[in-house]
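Have a look at the structure below, then the notes.
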Amino acid sequence: MNPSEWFTEQVPAAGSAFSLKIKQKVHEEQSEFQHLEIYETETFGNLMVIDGCTMVSTRDNFFYHEMMSHPALYTHPDPKRVWIIGGGDCGTLSEVLKHPSVEQAVQIDIDERVTRLAEIYFPELCESNNDPRAELKFIDGIKWVKDAAPDSVDIIIVDSTDPVGPALGLFSEDFYRDCFNCLSENGMIVQQSESALYNMTLIGEMRNAMSVIGFNHLQTLFFPQCIYPSGWWSATIASKADLTTFREQDSANKPFETVYYNVDIHKASLAQPEFFKNAFGL
Ligand code: SAM
């Protein structure tokens, strides 16, 4: 294997790595916040890499973007105001805007360069950016939430990089408390929570911090994501209200196209693996 023909993300702690065969590196820059690279791959379309970690590929981003948005939006009784913290590639934003109930969707990414590159290399993810309900802000999501008024949002989707650098504070008790304070009565956060095979300590810390500050209902969802470490990813919903049911009829009759998400996938993603139940007493 000629290393110059492959992009590889190593996960030293797990003793594993994931590679994609590349045609060429099409862009590289150091933004104010992080190191950004775009590759044209042989079989996965374009690939965005931030600080050496795979973020988005043309071929498989639908798993992540659909599962970060539709389960939460079909669990909340009437989601009108949605914030996406991070998510600069705009894929989650475009899924959120598919819901007719949504009146306002604000994407708050610290790094404008991620969105500018997505507009060039992932235009299909940015097609809804001019929707009149969409707003793009380029500031720190931690500050945005801290400064927000009570009852100003129904769902906060935390579509961030891994918990290092500017994203570290997005996994903290202080951040969850600020989210709790600005969410409406049935409000919820959904946050990407890494791999349950590799990152159980992190997931445990997240769930603990979320419940300590007052989110009494937690639900971790599982889905495939082959470009992320271990190929098996998760999102954790923390809610002020019960999470045992969702708007199943609405999901079954969804008025938009998806590639992965449907009502059966939603139900399946709620099933909790045995080791996970044992770890968290579920
Ligand atoms: N799907 C990806 C994953 O799980 O690896 C995440 C993709 S998205 C591109 C991650 C975004 O989080 C980046 O654009 C980065 O700029 C943003 N981000 C990191 N820390 C942030 C912060 N404190 N506030 C707002 N956005 C942040």
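The chains in the structure tokens are called A, B, ... from first to last as shown; in each chain the residues are counted from 1, and the ligands are counted from 1 in the order shown.
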Using only C-alpha atoms and all ligand atoms, I'd like a table of the residues in chain A that come within 9 Å of ligand 1; for each, show the closest atom pair and its distance in Å rounded to one decimal, ordered by chain and ascending number, as JSON lines.
```
{"residue": "A:Phe33", "atom": "CA", "partner": "ligand 1", "partner_atom_place_in_ligand_line": "16 (O)", "distance": 7.3}
{"residue": "A:Gln34", "atom": "CA", "partner": "ligand 1", "partner_atom_place_in_ligand_line": "16 (O)", "distance": 7.5}
{"residue": "A:Met48", "atom": "CA", "partner": "ligand 1", "partner_atom_place_in_ligand_line": "9 (C)", "distance": 8.0}
{"residue": "A:Val49", "atom": "CA", "partner": "ligand 1", "partner_atom_place_in_ligand_line": "9 (C)", "distance": 8.6}
{"residue": "A:Ile50", "atom": "CA", "partner": "ligand 1", "partner_atom_place_in_ligand_line": "13 (C)", "distance": 7.6}
{"residue": "A:Cys53", "atom": "CA", "partner": "ligand 1", "partner_atom_place_in_ligand_line": "5 (O)", "distance": 7.1}
{"residue": "A:Thr54", "atom": "CA", "partner": "ligand 1", "partner_atom_place_in_ligand_line": "5 (O)", "distance": 6.3}
{"residue": "A:Met55", "atom": "CA", "partner": "ligand 1", "partner_atom_place_in_ligand_line": "5 (O)", "distance": 4.3}
{"residue": "A:Val56", "atom": "CA", "partner": "ligand 1", "partner_atom_place_in_ligand_line": "1 (N)", "distance": 6.0}
{"residue": "A:Asn61", "atom": "CA", "partner": "ligand 1", "partner_atom_place_in_ligand_line": "1 (N)", "distance": 7.8}
{"residue": "A:Tyr64", "atom": "CA", "partner": "ligand 1", "partner_atom_place_in_ligand_line": "1 (N)", "distance": 6.7}
{"residue": "A:His65", "atom": "CA", "partner": "ligand 1", "partner_atom_place_in_ligand_line": "1 (N)", "distance": 7.5}
{"residue": "A:Ile84", "atom": "CA", "partner": "ligand 1", "partner_atom_place_in_ligand_line": "25 (C)", "distance": 8.7}
{"residue": "A:Ile85", "atom": "CA", "partner": "ligand 1", "partner_atom_place_in_ligand_line": "25 (C)", "distance": 5.2}
{"residue": "A:Gly86", "atom": "CA", "partner": "ligand 1", "partner_atom_place_in_ligand_line": "26 (N)", "distance": 3.5}
{"residue": "A:Gly87", "atom": "CA", "partner": "ligand 1", "partner_atom_place_in_ligand_line": "8 (S)", "distance": 4.0}
{"residue": "A:Gly88", "atom": "CA", "partner": "ligand 1", "partner_atom_place_in_ligand_line": "14 (O)", "distance": 4.1}
{"residue": "A:Asp89", "atom": "CA", "partner": "ligand 1", "partner_atom_place_in_ligand_line": "9 (C)", "distance": 5.1}
{"residue": "A:Cys90", "atom": "CA", "partner": "ligand 1", "partner_atom_place_in_ligand_line": "9 (C)", "distance": 8.0}
{"residue": "A:Gly91", "atom": "CA", "partner": "ligand 1", "partner_atom_place_in_ligand_line": "1 (N)", "distance": 8.8}
{"residue": "A:Thr92", "atom": "CA", "partner": "ligand 1", "partner_atom_place_in_ligand_line": "1 (N)", "distance": 8.8}
{"residue": "A:Gln107", "atom": "CA", "partner": "ligand 1", "partner_atom_place_in_ligand_line": "25 (C)", "distance": 8.7}
{"residue": "A:Ile108", "atom": "CA", "partner": "ligand 1", "partner_atom_place_in_ligand_line": "25 (C)", "distance": 5.6}
{"residue": "A:Asp109", "atom": "CA", "partner": "ligand 1", "partner_atom_place_in_ligand_line": "26 (N)", "distance": 3.6}
{"residue": "A:Ile110", "atom": "CA", "partner": "ligand 1", "partner_atom_place_in_ligand_line": "25 (C)", "distance": 4.0}
{"residue": "A:Asp111", "atom": "CA", "partner": "ligand 1", "partner_atom_place_in_ligand_line": "16 (O)", "distance": 4.5}
{"residue": "A:Glu112", "atom": "CA", "partner": "ligand 1", "partner_atom_place_in_ligand_line": "16 (O)", "distance": 7.5}
{"residue": "A:Arg113", "atom": "CA", "partner": "ligand 1", "partner_atom_place_in_ligand_line": "16 (O)", "distance": 8.1}
{"residue": "A:Val114", "atom": "CA", "partner": "ligand 1", "partner_atom_place_in_ligand_line": "14 (O)", "distance": 5.2}
{"residue": "A:Thr115", "atom": "CA", "partner": "ligand 1", "partner_atom_place_in_ligand_line": "14 (O)", "distance": 7.2}
{"residue": "A:Ala118", "atom": "CA", "partner": "ligand 1", "partner_atom_place_in_ligand_line": "9 (C)", "distance": 8.8}
{"residue": "A:Phe138", "atom": "CA", "partner": "ligand 1", "partner_atom_place_in_ligand_line": "25 (C)", "distance": 7.6}
{"residue": "A:Ile139", "atom": "CA", "partner": "ligand 1", "partner_atom_place_in_ligand_line": "25 (C)", "distance": 6.3}
{"residue": "A:Asp140", "atom": "CA", "partner": "ligand 1", "partner_atom_place_in_ligand_line": "24 (N)", "distance": 3.9}
{"residue": "A:Gly141", "atom": "CA", "partner": "ligand 1", "partner_atom_place_in_ligand_line": "24 (N)", "distance": 3.6}
{"residue": "A:Ile142", "atom": "CA", "partner": "ligand 1", "partner_atom_place_in_ligand_line": "23 (N)", "distance": 5.5}
{"residue": "A:Lys143", "atom": "CA", "partner": "ligand 1", "partner_atom_place_in_ligand_line": "24 (N)", "distance": 8.0}
{"residue": "A:Trp144", "atom": "CA", "partner": "ligand 1", "partner_atom_place_in_ligand_line": "24 (N)", "distance": 8.3}
{"residue": "A:Val158", "atom": "CA", "partner": "ligand 1", "partner_atom_place_in_ligand_line": "12 (O)", "distance": 8.2}
{"residue": "A:Asp159", "atom": "CA", "partner": "ligand 1", "partner_atom_place_in_ligand_line": "6 (C)", "distance": 5.3}
{"residue": "A:Ser160", "atom": "CA", "partner": "ligand 1", "partner_atom_place_in_ligand_line": "12 (O)", "distance": 3.6}
{"residue": "A:Thr161", "atom": "CA", "partner": "ligand 1", "partner_atom_place_in_ligand_line": "10 (C)", "distance": 4.3}
{"residue": "A:Asp162", "atom": "CA", "partner": "ligand 1", "partner_atom_place_in_ligand_line": "5 (O)", "distance": 6.3}
{"residue": "A:Pro163", "atom": "CA", "partner": "ligand 1", "partner_atom_place_in_ligand_line": "20 (N)", "distance": 8.2}
{"residue": "A:Val164", "atom": "CA", "partner": "ligand 1", "partner_atom_place_in_ligand_line": "20 (N)", "distance": 8.3}
{"residue": "A:Gly165", "atom": "CA", "partner": "ligand 1", "partner_atom_place_in_ligand_line": "20 (N)", "distance": 7.1}
{"residue": "A:Pro166", "atom": "CA", "partner": "ligand 1", "partner_atom_place_in_ligand_line": "20 (N)", "distance": 4.2}
{"residue": "A:Ala167", "atom": "CA", "partner": "ligand 1", "partner_atom_place_in_ligand_line": "20 (N)", "distance": 3.5}
{"residue": "A:Leu168", "atom": "CA", "partner": "ligand 1", "partner_atom_place_in_ligand_line": "20 (N)", "distance": 7.2}
{"residue": "A:Gly169", "atom": "CA", "partner": "ligand 1", "partner_atom_place_in_ligand_line": "23 (N)", "distance": 6.6}
{"residue": "A:Leu170", "atom": "CA", "partner": "ligand 1", "partner_atom_place_in_ligand_line": "23 (N)", "distance": 6.2}
{"residue": "A:Gln192", "atom": "CA", "partner": "ligand 1", "partner_atom_place_in_ligand_line": "4 (O)", "distance": 6.1}
{"residue": "A:Ser193", "atom": "CA", "partner": "ligand 1", "partner_atom_place_in_ligand_line": "4 (O)", "distance": 8.1}
{"residue": "A:Glu194", "atom": "CA", "partner": "ligand 1", "partner_atom_place_in_ligand_line": "4 (O)", "distance": 7.2}
{"residue": "A:Tyr228", "atom": "CA", "partner": "ligand 1", "partner_atom_place_in_ligand_line": "5 (O)", "distance": 7.1}
{"residue": "A:Trp233", "atom": "CA", "partner": "ligand 1", "partner_atom_place_in_ligand_line": "4 (O)", "distance": 8.7}
```
Quick one: everything within 8 Å of Asp60 in chain A, counting only C-alpha atoms, minus sequence neighbours fewer than 6 positions away in the same chain. Send it as an MDAnalysis selection string.
-> chainID A and resid 44 225:227
The selected residues should be written to file as a PDB file, in the first residue's frame (atoms: N, CA, C and O atoms).
```
ATOM      1  N   PHE A  44     -15.319   7.381  -2.271  1.00  0.00           N
ATOM      2  CA  PHE A  44     -16.200   8.034  -1.286  1.00  0.00           C
ATOM      3  C   PHE A  44     -16.478   9.493  -1.631  1.00  0.00           C
ATOM      4  O   PHE A  44     -16.940  10.254  -0.778  1.00  0.00           O
ATOM      5  N   GLN A 225     -21.377   4.321  10.843  1.00  0.00           N
ATOM      6  CA  GLN A 225     -20.724   5.471  10.203  1.00  0.00           C
ATOM      7  C   GLN A 225     -19.315   5.033   9.859  1.00  0.00           C
ATOM      8  O   GLN A 225     -18.394   5.152  10.657  1.00  0.00           O
ATOM      9  N   CYS A 226     -19.149   4.499   8.661  1.00  0.00           N
ATOM     10  CA  CYS A 226     -17.917   3.752   8.408  1.00  0.00           C
ATOM     11  C   CYS A 226     -16.669   4.611   8.410  1.00  0.00           C
ATOM     12  O   CYS A 226     -15.589   4.116   8.697  1.00  0.00           O
ATOM     13  N   ILE A 227     -16.765   5.935   8.137  1.00  0.00           N
ATOM     14  CA  ILE A 227     -15.518   6.720   8.127  1.00  0.00           C
ATOM     15  C   ILE A 227     -15.078   7.169   9.521  1.00  0.00           C
ATOM     16  O   ILE A 227     -14.012   7.763   9.669  1.00  0.00           O
TER      17      ILE A 227
END
```
For Val102 in chain A, the closest of A:Gln219, A:Ser69, A:Asn278, A:Thr236 counting only C-alpha atoms is A:Ser69
Extract, using only C-alpha atoms, all DNA, RNA and protein residues at most 10 Å from Asp131 in chain A, discarding same-chain residues fewer than 6 positions from it, and format them as a list in words.
-> Ser94, Leu97, Gln104 and Ala105 of chain A
Show which residues sit within 10 Å of Trp6 in chain A, as a count of residues only. Count only C-alpha atoms, and ignore same-chain residues fewer than 5 positions away.
-> 11
Where in range 120-218 of chain A does DSSP assign strand (DSSP E), given as a PyMOL selection string?
-> chain A and resi 134-137+153-159+183-192+217-218
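CA of Ser172 in chain A is positioned 24.1 Å from CA of Gln272 in chain A.
Here CA of Glu66 in chain A stands at a distance of 19.5 Å from CA of Glu135 in chain A.
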Write out as a PyMOL selection string all residues of range 46-174 of chain A that backbone DSSP assigns to helix (DSSP H, G or I).
-> chain A and resi 61-73+91-96+112-121+123-125+141-146+165-171+173-174
For range 146-156 of chain A, work out the shell of residues within 8 Å, counting only C-alpha atoms and skipping chain neighbours fewer than 2 positions away, then give it as a VMD selection string.
-> chain A and resid 72 to 73 76 79 to 85 142 to 144 158 175 178 to 179 181 to 190
Correct to one decimal, the distance CA of Ala279 in chain A-CA of Phe63 in chain A is 25.6 Å
Sorted by chain and rising residue number, list the residues of range 168-253 of chain A at most 6 Å from range 259-271 of chain A (counting only C-alpha atoms), each with its closest atom pair and distance in Å to one decimal, as a tab-separated table.
```
residue	atom	partner	partner_atom	distance
A:Leu221	CA	A:Ser269	CA	5.1
A:Phe222	CA	A:Ser269	CA	5.2
A:Ser251	CA	A:Val263	CA	5.5
A:Ala252	CA	A:Val263	CA	5.2
```
Residues near Gln10 in chain A, cut-off 9 Å, only C-alpha atoms, skip fewer than 3 positions along chain, as a compact mmCIF listing (two decimals) with N, CA and C atoms, in the first residue's frame:
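And here is the file that came out, part-v8.txt:
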```
# COMPACT_ATOMS: atom_id res chain seq x y z
N ALA A 13 -5.04 4.76 20.59
CA ALA A 13 -5.54 4.14 21.82
C ALA A 13 -6.30 2.85 21.53
N ALA A 14 -6.90 2.78 20.34
CA ALA A 14 -7.68 1.58 19.99
C ALA A 14 -6.86 0.61 19.15
N GLY A 15 -5.65 1.02 18.79
CA GLY A 15 -4.81 0.16 17.93
C GLY A 15 -5.46 -0.09 16.59
N SER A 16 -6.14 0.94 16.04
CA SER A 16 -6.82 0.74 14.76
C SER A 16 -6.63 1.97 13.87
N ALA A 17 -6.99 1.80 12.61
CA ALA A 17 -6.90 2.91 11.67
C ALA A 17 -7.92 2.69 10.57
N PHE A 18 -8.31 3.80 9.92
CA PHE A 18 -9.24 3.71 8.79
C PHE A 18 -8.61 4.47 7.62
N SER A 19 -8.63 3.88 6.45
CA SER A 19 -8.02 4.50 5.27
C SER A 19 -8.99 4.61 4.11
N GLY A 52 -6.78 16.21 11.32
CA GLY A 52 -6.42 14.80 11.09
C GLY A 52 -7.57 13.82 11.25
N CYS A 53 -8.76 14.31 11.63
CA CYS A 53 -9.91 13.40 11.85
C CYS A 53 -10.92 13.53 10.72
N PRO A 229 -14.00 6.40 13.62
CA PRO A 229 -13.32 5.29 14.30
C PRO A 229 -14.29 4.21 14.79
```
Quick one: residues within 10 Å of Thr244 in chain A, only C-alpha atoms counted, chain neighbours fewer than 2 positions away excluded, as a PyMOL selection string?
-> chain A and resi 75+217-219+241-242+246+270
Can you spit out the residues from that selection as a PDB file, in the first residue's frame, using N, CA, C and O atoms?
```pdb
ATOM      1  N   THR A  75     -39.085  13.144  18.060  1.00  0.00           N
ATOM      2  CA  THR A  75     -39.373  12.856  19.468  1.00  0.00           C
ATOM      3  C   THR A  75     -40.002  14.081  20.131  1.00  0.00           C
ATOM      4  O   THR A  75     -40.950  13.964  20.908  1.00  0.00           O
ATOM      5  N   HIS A 217     -34.062  12.581  31.416  1.00  0.00           N
ATOM      6  CA  HIS A 217     -34.337  11.538  30.427  1.00  0.00           C
ATOM      7  C   HIS A 217     -33.193  11.500  29.408  1.00  0.00           C
ATOM      8  O   HIS A 217     -32.918  12.511  28.756  1.00  0.00           O
ATOM      9  N   LEU A 218     -32.549  10.365  29.308  1.00  0.00           N
ATOM     10  CA  LEU A 218     -31.403  10.206  28.398  1.00  0.00           C
ATOM     11  C   LEU A 218     -31.661   9.034  27.468  1.00  0.00           C
ATOM     12  O   LEU A 218     -32.261   8.028  27.875  1.00  0.00           O
ATOM     13  N   GLN A 219     -31.174   9.173  26.243  1.00  0.00           N
ATOM     14  CA  GLN A 219     -31.327   8.080  25.284  1.00  0.00           C
ATOM     15  C   GLN A 219     -30.146   8.125  24.328  1.00  0.00           C
ATOM     16  O   GLN A 219     -29.933   9.145  23.671  1.00  0.00           O
ATOM     17  N   ALA A 241     -38.143  16.103  28.975  1.00  0.00           N
ATOM     18  CA  ALA A 241     -39.394  15.327  28.955  1.00  0.00           C
ATOM     19  C   ALA A 241     -39.116  13.866  28.591  1.00  0.00           C
ATOM     20  O   ALA A 241     -38.039  13.539  28.099  1.00  0.00           O
ATOM     21  N   ASP A 242     -40.113  13.056  28.819  1.00  0.00           N
ATOM     22  CA  ASP A 242     -40.026  11.613  28.570  1.00  0.00           C
ATOM     23  C   ASP A 242     -39.509  11.286  27.152  1.00  0.00           C
ATOM     24  O   ASP A 242     -39.887  11.947  26.193  1.00  0.00           O
ATOM     25  N   PHE A 246     -42.012   8.313  20.578  1.00  0.00           N
ATOM     26  CA  PHE A 246     -41.766   9.379  19.608  1.00  0.00           C
ATOM     27  C   PHE A 246     -42.979   9.478  18.690  1.00  0.00           C
ATOM     28  O   PHE A 246     -43.908   8.669  18.780  1.00  0.00           O
ATOM     29  N   LEU A 270     -33.026   2.754  18.868  1.00  0.00           N
ATOM     30  CA  LEU A 270     -33.260   2.912  20.305  1.00  0.00           C
ATOM     31  C   LEU A 270     -32.889   1.654  21.092  1.00  0.00           C
ATOM     32  O   LEU A 270     -32.808   1.692  22.322  1.00  0.00           O
TER      33      LEU A 270
END
```
